[in-house]
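*Asks:* Pasting a structure here, questions to come.
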Number of protein chains: 2
Amino acid sequence: MADKGKRKRRRADADSDEETRLPFKNILKPDSAILQILKDLTAATAAASSSSKTLTLADIDLDAKCREVSELNLLSVQSEIESQILKIARSILAGNGFGFDVPSRAATNQLYVPELDRIVLKDKTTLRPYANISTVRKTTITTRIIQLVHQLCAKNIHVTKRDLFYTDVKLFQDQSQSDTVLDDVSCILGCTRSSLNVIAAEKGVVVGRLIFSDNGDMIDCTKMGMGGKAIPPNIDRVGDMQSDALFILLVEKDAAYMRLAEDRFYNRFPCIIVTAKGQPDVATRLFLRKMKMELKLPVLALVDSDPYGLKILSVYGCGSKNMSYDSSNLTTPDIKWLGVRPSDLDKYKIPEQCRLPMTEQDIKTGKDLLEEDFVKKNPGWVEELSLMVKTKQKAEIQALSTFGFQYLSEVYLPLKLQQQDWL
Amino acid sequence: MADKGKRKRRRADADSDEETRLPFKNILKPDSAILQILKDLTAATAAASSSSKTLTLADIDLDAKCREVSELNLLSVQSEIESQILKIARSILAGNGFGFDVPSRAATNQLYVPELDRIVLKDKTTLRPYANISTVRKTTITTRIIQLVHQLCAKNIHVTKRDLFYTDVKLFQDQSQSDTVLDDVSCILGCTRSSLNVIAAEKGVVVGRLIFSDNGDMIDCTKMGMGGKAIPPNIDRVGDMQSDALFILLVEKDAAYMRLAEDRFYNRFPCIIVTAKGQPDVATRLFLRKMKMELKLPVLALVDSDPYGLKILSVYGCGSKNMSYDSSNLTTPDIKWLGVRPSDLDKYKIPEQCRLPMTEQDIKTGKDLLEEDFVKKNPGWVEELSLMVKTKQKAEIQALSTFGFQYLSEVYLPLKLQQQDWL
């Protein structure tokens, strides 16, 4: 067709224009060479995860001093609730009154454990007695939440925190009160929030070489078009993961995700592409961890070159402070920082006008991160972050568009993989 | 199995507890009766949409006075750009200089047309000459954006507004400048923004009785588990819609969507459930319209009982003011307001503590809405909105959880459908 010929010619013109002004395109090796590098990485990751067992608190003799929750099934949660209630009944009958022993979730009760590379909760607890004017309300709320959770388990349905709040607005008054106590209840029962059947809104999407079951339906993520598959809010209904991917590409932002999905990057370099579209939510964190654990694939992260990019990476990797009691279930070990790293800005000749000056707040956040144990542990990260704070420059992933919209998928990422340029 | 028996017994107990305290559960007819009502509605909607052709500006003799853009294919966009550039070249050669005739998108150039039930743009344009100190920058930006769009069409790829901005930060300075001009370019070329291959981040999800193709992959939305399918950002790659649904249920919020998805409400009452998780985004609006147009199904909306719920409904229905030039492609005609409506609060005995007092700002927004033509057109809406402003009470969809987490899917919605209680 004439039209088609016309379009082809135009395309060829555009391509040759590009060749001349795309840094590093000429040093890209053929895909087969890059694929071999990825295969070696995948094999090494799988070998590492099967030879070295994952360390637990017990392995480093911290299990008596620290507290962790675990994923429990519905009947176990119900039994745990019932035994708590029996314990309380006995305490009342023995004349010792009604109260809960609540693990403290304060900052002073948190600890970063280098051996585990994540933040955990220490063992301090606080008594929450009913017969005390300052705690009677919170004790009542705790009892009510436990009762509601028992109901959810009995019916085997999932609800949001907002639903939970609305079942007893008179008592809870505002949602922050029921939310806080819900986290307490997780700690009291020793199970994850998702075990309680209370879920967060879904936010993340996944596309690429992954097949899994969601609530009984088999999902093939290579057949999800450009939109991808929404990550299910309830991880306990996700299973049967299968994949021929060589790695997982964790992307901070939506725009980069869409570029890679439209270009079907996962067909050129077999991978699974996942994003939480900004701040990591619980569902995406659980999903990433499950992929890593079941598929034993390396995880490479593509984030903005700013302190928040590294912070986001660290939440996936080591956990957030306010959910430290659940870090063992929410964190994904050994995430590599692929890009965009501060040193990439000069290396890839990102023009000055595509870099942004860091604000005072940015610089402060960067300096604070330099003090964190999980950054200090990785000398490469310290070096990159120090460079960022020194140059006072940041850049988004999208800054690569300055070399053409597809520079990210056609040059930057392939070259990063070819040069094994991750930290 | 012993466990299973135990669980069943518990479930039965919980159910009988509920019976006694669930308003209206006793007047629910069998599903077959409700399905018949829905079938009649669907048939009426299909008949209406095939007999009455959709009115256009030309039908009401407004086409000379108003301006609308349309969905164009890639080659047409390219041709349109090329003819604009030729026109400018001729103007320069004729000694008349270089400039663009840009349709005004100001509020004074907008018009609500009751016959069409949407906001359109009038025909005022402003000259944007290059040889003028006050417009030279904007003219340059316009030229650059047109050039970039031409490139996108030639390559047939989609990018975000953010990508576009980063291709020439030096010129655009900040993203609001390239965004504004992008809308101008839509108007100049007379095509929708999605025809320009510039897309917004995806936000919406869809689940239920719908099969469609996304970028060549066939997607069955009954097999998407609880997470649902992310609505693709690029509507031009969506096609082949098939459905045996009786209606489309448009849901404002994520939490209600998840309840309905987990309960597989669409299997009990065949429907397609869609949500933009709050404010409607362009991708979800385009997707809803496409479903309505191709499947000819009635659309029922479930939003919060507050002014913003109605506002969101109106954006889906009549369009938003700042994209009025594209209202014919973005709006879905004839959306019914199913709930939660102000009159439902008393009717369904929502307890006082689950209602929220409206703020001054809420009341102002409500009063402003009462002045809008698209509200005035529907006497039922005026009545409901007046009631809201009078009682100064609002409530979220989640307030129904006060009667149990599944009251929404098991009583409220079925009863609404049974009583044909939509406006």
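All residue names refer to the structure tokens as shown: chains lettered A, B, ... in order, residues numbered from 1 in each chain, ligands numbered from 1 in order.
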Got a sec to tell me which of range 189-278 of chain A DSSP assigns to helix (DSSP H, G or I), as a ChimeraX atom specification?

*Replies:* /A:189,194-196,235-237,254-262,265-268

*Asks:* I need the chosen residues saved as a PDB file, in the first residue's frame, with N, CA and C atoms.

*Replies:*
ATOM      1  N   LEU A 189      -1.909 -10.339  67.785  1.00  0.00           N
ATOM      2  CA  LEU A 189      -2.191 -11.690  67.294  1.00  0.00           C
ATOM      3  C   LEU A 189      -0.956 -12.315  66.638  1.00  0.00           C
ATOM      4  N   SER A 194      -2.611  -8.397  56.303  1.00  0.00           N
ATOM      5  CA  SER A 194      -3.387  -9.060  55.256  1.00  0.00           C
ATOM      6  C   SER A 194      -3.993 -10.367  55.764  1.00  0.00           C
ATOM      7  N   SER A 195      -3.377 -10.995  56.777  1.00  0.00           N
ATOM      8  CA  SER A 195      -3.997 -12.187  57.379  1.00  0.00           C
ATOM      9  C   SER A 195      -5.319 -11.840  58.050  1.00  0.00           C
ATOM     10  N   LEU A 196      -5.455 -10.587  58.460  1.00  0.00           N
ATOM     11  CA  LEU A 196      -6.688 -10.159  59.132  1.00  0.00           C
ATOM     12  C   LEU A 196      -7.809  -9.903  58.113  1.00  0.00           C
ATOM     13  N   ILE A 235      -3.173 -10.553  48.781  1.00  0.00           N
ATOM     14  CA  ILE A 235      -2.091 -11.437  48.349  1.00  0.00           C
ATOM     15  C   ILE A 235      -2.420 -12.902  48.634  1.00  0.00           C
ATOM     16  N   ASP A 236      -3.280 -13.171  49.630  1.00  0.00           N
ATOM     17  CA  ASP A 236      -3.560 -14.567  49.965  1.00  0.00           C
ATOM     18  C   ASP A 236      -4.354 -15.271  48.869  1.00  0.00           C
ATOM     19  N   ARG A 237      -4.896 -14.517  47.928  1.00  0.00           N
ATOM     20  CA  ARG A 237      -5.588 -15.160  46.815  1.00  0.00           C
ATOM     21  C   ARG A 237      -4.726 -15.203  45.558  1.00  0.00           C
ATOM     22  N   ASP A 254       4.920   5.549  36.740  1.00  0.00           N
ATOM     23  CA  ASP A 254       3.989   5.164  35.712  1.00  0.00           C
ATOM     24  C   ASP A 254       4.475   5.418  34.286  1.00  0.00           C
ATOM     25  N   ALA A 255       5.056   6.593  34.056  1.00  0.00           N
ATOM     26  CA  ALA A 255       5.402   6.978  32.681  1.00  0.00           C
ATOM     27  C   ALA A 255       6.449   6.028  32.111  1.00  0.00           C
ATOM     28  N   ALA A 256       7.471   5.705  32.913  1.00  0.00           N
ATOM     29  CA  ALA A 256       8.511   4.795  32.438  1.00  0.00           C
ATOM     30  C   ALA A 256       7.912   3.400  32.241  1.00  0.00           C
ATOM     31  N   TYR A 257       7.034   3.014  33.148  1.00  0.00           N
ATOM     32  CA  TYR A 257       6.352   1.723  33.019  1.00  0.00           C
ATOM     33  C   TYR A 257       5.614   1.632  31.687  1.00  0.00           C
ATOM     34  N   MET A 258       4.890   2.699  31.331  1.00  0.00           N
ATOM     35  CA  MET A 258       4.093   2.670  30.098  1.00  0.00           C
ATOM     36  C   MET A 258       4.979   2.592  28.861  1.00  0.00           C
ATOM     37  N   ARG A 259       6.096   3.320  28.892  1.00  0.00           N
ATOM     38  CA  ARG A 259       7.049   3.265  27.776  1.00  0.00           C
ATOM     39  C   ARG A 259       7.504   1.813  27.560  1.00  0.00           C
ATOM     40  N   LEU A 260       7.894   1.151  28.662  1.00  0.00           N
ATOM     41  CA  LEU A 260       8.417  -0.209  28.567  1.00  0.00           C
ATOM     42  C   LEU A 260       7.321  -1.195  28.177  1.00  0.00           C
ATOM     43  N   ALA A 261       6.108  -0.963  28.681  1.00  0.00           N
ATOM     44  CA  ALA A 261       5.003  -1.859  28.341  1.00  0.00           C
ATOM     45  C   ALA A 261       4.648  -1.716  26.866  1.00  0.00           C
ATOM     46  N   GLU A 262       4.584  -0.472  26.375  1.00  0.00           N
ATOM     47  CA  GLU A 262       4.210  -0.302  24.969  1.00  0.00           C
ATOM     48  C   GLU A 262       5.283  -0.882  24.057  1.00  0.00           C
ATOM     49  N   PHE A 265       9.194  -4.341  26.104  1.00  0.00           N
ATOM     50  CA  PHE A 265      10.585  -4.543  26.494  1.00  0.00           C
ATOM     51  C   PHE A 265      10.812  -5.969  27.000  1.00  0.00           C
ATOM     52  N   TYR A 266       9.763  -6.534  27.638  1.00  0.00           N
ATOM     53  CA  TYR A 266       9.869  -7.877  28.224  1.00  0.00           C
ATOM     54  C   TYR A 266       9.988  -8.970  27.173  1.00  0.00           C
ATOM     55  N   ASN A 267       9.706  -8.658  25.922  1.00  0.00           N
ATOM     56  CA  ASN A 267       9.904  -9.666  24.885  1.00  0.00           C
ATOM     57  C   ASN A 267      11.338  -9.652  24.365  1.00  0.00           C
ATOM     58  N   ARG A 268      11.958  -8.471  24.385  1.00  0.00           N
ATOM     59  CA  ARG A 268      13.347  -8.385  23.941  1.00  0.00           C
ATOM     60  C   ARG A 268      14.273  -8.947  25.022  1.00  0.00           C
TER      61      ARG A 268
END

*Asks:* Quick one: residues within 8 Å of Pro233 in chain A, only C-alpha atoms, excluding same-chain residues fewer than 3 positions away - as an NGL selection string?

*Replies:* (:A and (199-202 or 283)) or (:B and (226-227))

*Asks:* Could you dump the residues just selected with all heavy atoms as a short mmCIF file (atom, residue, chain, number, x, y, z; two decimals), in the first residue's frame?

*Replies:*
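For reference, again30.cif as written:
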data_model
loop_
_atom_site.label_atom_id
_atom_site.label_comp_id
_atom_site.auth_asym_id
_atom_site.auth_seq_id
_atom_site.Cartn_x
_atom_site.Cartn_y
_atom_site.Cartn_z
N ILE A 199 -7.57 -5.06 53.75
CA ILE A 199 -6.67 -4.79 52.63
C ILE A 199 -6.61 -3.31 52.32
O ILE A 199 -7.50 -2.54 52.70
CB ILE A 199 -7.13 -5.54 51.37
CG1 ILE A 199 -8.61 -5.27 51.10
CG2 ILE A 199 -6.87 -7.02 51.52
CD1 ILE A 199 -9.15 -5.96 49.90
N ALA A 200 -5.55 -2.92 51.64
CA ALA A 200 -5.40 -1.54 51.22
C ALA A 200 -5.87 -1.42 49.78
O ALA A 200 -5.97 -2.41 49.07
CB ALA A 200 -3.94 -1.14 51.34
N ALA A 201 -6.14 -0.20 49.36
CA ALA A 201 -6.52 0.03 47.97
C ALA A 201 -5.38 -0.43 47.08
O ALA A 201 -4.22 -0.34 47.43
CB ALA A 201 -6.78 1.52 47.75
N GLU A 202 -5.73 -0.95 45.91
CA GLU A 202 -4.70 -1.42 44.99
C GLU A 202 -4.19 -0.25 44.16
O GLU A 202 -4.91 0.69 43.88
CB GLU A 202 -5.27 -2.49 44.08
CG GLU A 202 -6.45 -1.97 43.30
CD GLU A 202 -7.14 -3.05 42.51
OE1 GLU A 202 -7.02 -4.22 42.90
OE2 GLU A 202 -7.80 -2.72 41.51
N ALA A 283 0.18 -3.80 48.92
CA ALA A 283 -0.13 -4.87 47.96
C ALA A 283 1.04 -5.10 47.00
O ALA A 283 1.41 -6.24 46.72
CB ALA A 283 -1.41 -4.53 47.20
N MET B 226 -9.74 -10.56 41.56
CA MET B 226 -10.32 -9.45 42.30
C MET B 226 -9.65 -8.14 41.89
O MET B 226 -10.24 -7.07 41.97
CB MET B 226 -10.09 -9.69 43.79
CG MET B 226 -10.63 -8.61 44.66
SD MET B 226 -10.73 -9.19 46.34
CE MET B 226 -10.90 -7.61 47.17
N GLY B 227 -8.41 -8.23 41.43
CA GLY B 227 -7.68 -7.01 41.07
C GLY B 227 -8.28 -6.29 39.88
O GLY B 227 -8.23 -5.08 39.78
#

*Asks:* Give me, as JSON, numbers by chain, the residues of range 52-248 of chain B that a backbone DSSP run labels strand (DSSP E).

*Replies:* {"B": [66, 67, 99, 100, 101, 102, 103, 110, 111, 112, 113, 118, 119, 120, 121, 122, 125, 126, 127, 128, 129, 159, 160, 198, 199, 205, 206, 207, 208, 211, 212, 213, 214, 217, 218, 219, 220, 229, 230, 238, 239, 240, 241, 242, 247, 248]}

*Asks:* Counting only C-alpha atoms, which residues of range 49-152 of chain B fall within 12 Å of range 402-411 of chain A, and what is the closest atom pair for each with its distance in Å at one decimal, ordered by chain and rising number, as a tab-separated table?

*Replies:*
residue	atom	partner	partner_atom	distance
B:Leu148	CA	A:Gly404	CA	9.9
B:Val149	CA	A:Phe405	CA	11.5
B:Gln151	CA	A:Gly404	CA	9.9
B:Leu152	CA	A:Phe405	CA	8.7

*Asks:* Could you tell me how far CA of Ser176 in chain A lies from CA of Leu164 in chain A, in Å and to one decimal?

*Replies:*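 So the answer is 11.4 Å.
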
*Asks:* Write out as an NGL selection string which residues come within 12 Å of Phe98 in chain A when counting only C-alpha atoms, dropping same-chain ones fewer than 5 positions away.

*Replies:* :A and (84-93 or 127-132 or 135-136 or 139-140 or 142-143)

*Asks:* Closest to chain B among A:Tyr412, A:Trp422, A:Tyr308, A:Phe172, using only C-alpha atoms?

*Replies:*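 Result for the nearest residue to chain B: A:Phe172.
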
*Asks:* Please provide the set of residues having any atom within 10 Å of Thr42 in chain A, restricted to only C-alpha atoms, with same-chain residues fewer than 4 positions apart removed, written as number ranges by chain.

*Replies:* A: 36-38, 46-48, 245-247, 296-299

*Asks:* Excluding same-chain residues fewer than 6 positions from Thr331 in chain B, what lies within 6 Å of it counting only C-alpha atoms, as a list in words?

*Replies:*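 Near Thr331 in chain B, the qualifying residues are Tyr316, Gly317, Cys318 and Gly319 of chain B.
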
*Asks:* Go through B:Val251, B:Leu369, B:Leu417, B:Leu300 and flag the residue nearest Thr45 in chain B, using only C-alpha atoms for the distances.

*Replies:*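 Once distances to Thr45 in chain B are computed over only C-alpha atoms, the minimum belongs to B:Leu300.
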
*Asks:* Find the residues near Leu55 in chain A: any atom within 12 Å, counting only C-alpha atoms, skip ones fewer than 2 places away on the same chain, and give them as a list in words.

*Replies:*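 Skipping anything fewer than 2 positions along the chain leaves Ser49, Ser51, Ser52, Lys53, Leu57, Ala58, Asp59, Ile60, Asp61, Leu62, Asp63, Val113, Pro114, Glu115, Leu116, Asp117, Arg118, Ser328 and Pro333 of chain A.
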
*Asks:* Which residues come within 12 Å of Gln110 in chain B, counting only C-alpha atoms, excluding same-chain residues fewer than 5 positions away, as a PyMOL selection string?

*Replies:* chain B and resi 65-68+103-105+118-124+319-327

*Asks:* In terms of the shortest atom-to-atom distance over only C-alpha atoms, which of B:Leu400, B:Leu295, B:Asp334, B:Ser50 is closest to chain A?

*Replies:*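 Looking at the shortest contact to chain A, the residue is B:Leu400.
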
*Asks:* By how many Å are CA of Gly99 in chain B and CA of Thr126 in chain B apart?

*Replies:*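 Pair CA of Gly99 in chain B / CA of Thr126 in chain B returns 10.2 Å.
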
*Asks:* Restricting the calculation to only C-alpha atoms: of B:Glu360, B:Asp163, B:Asp40, B:Asp368, which residue gets closest to chain A?

*Replies:* B:Asp163
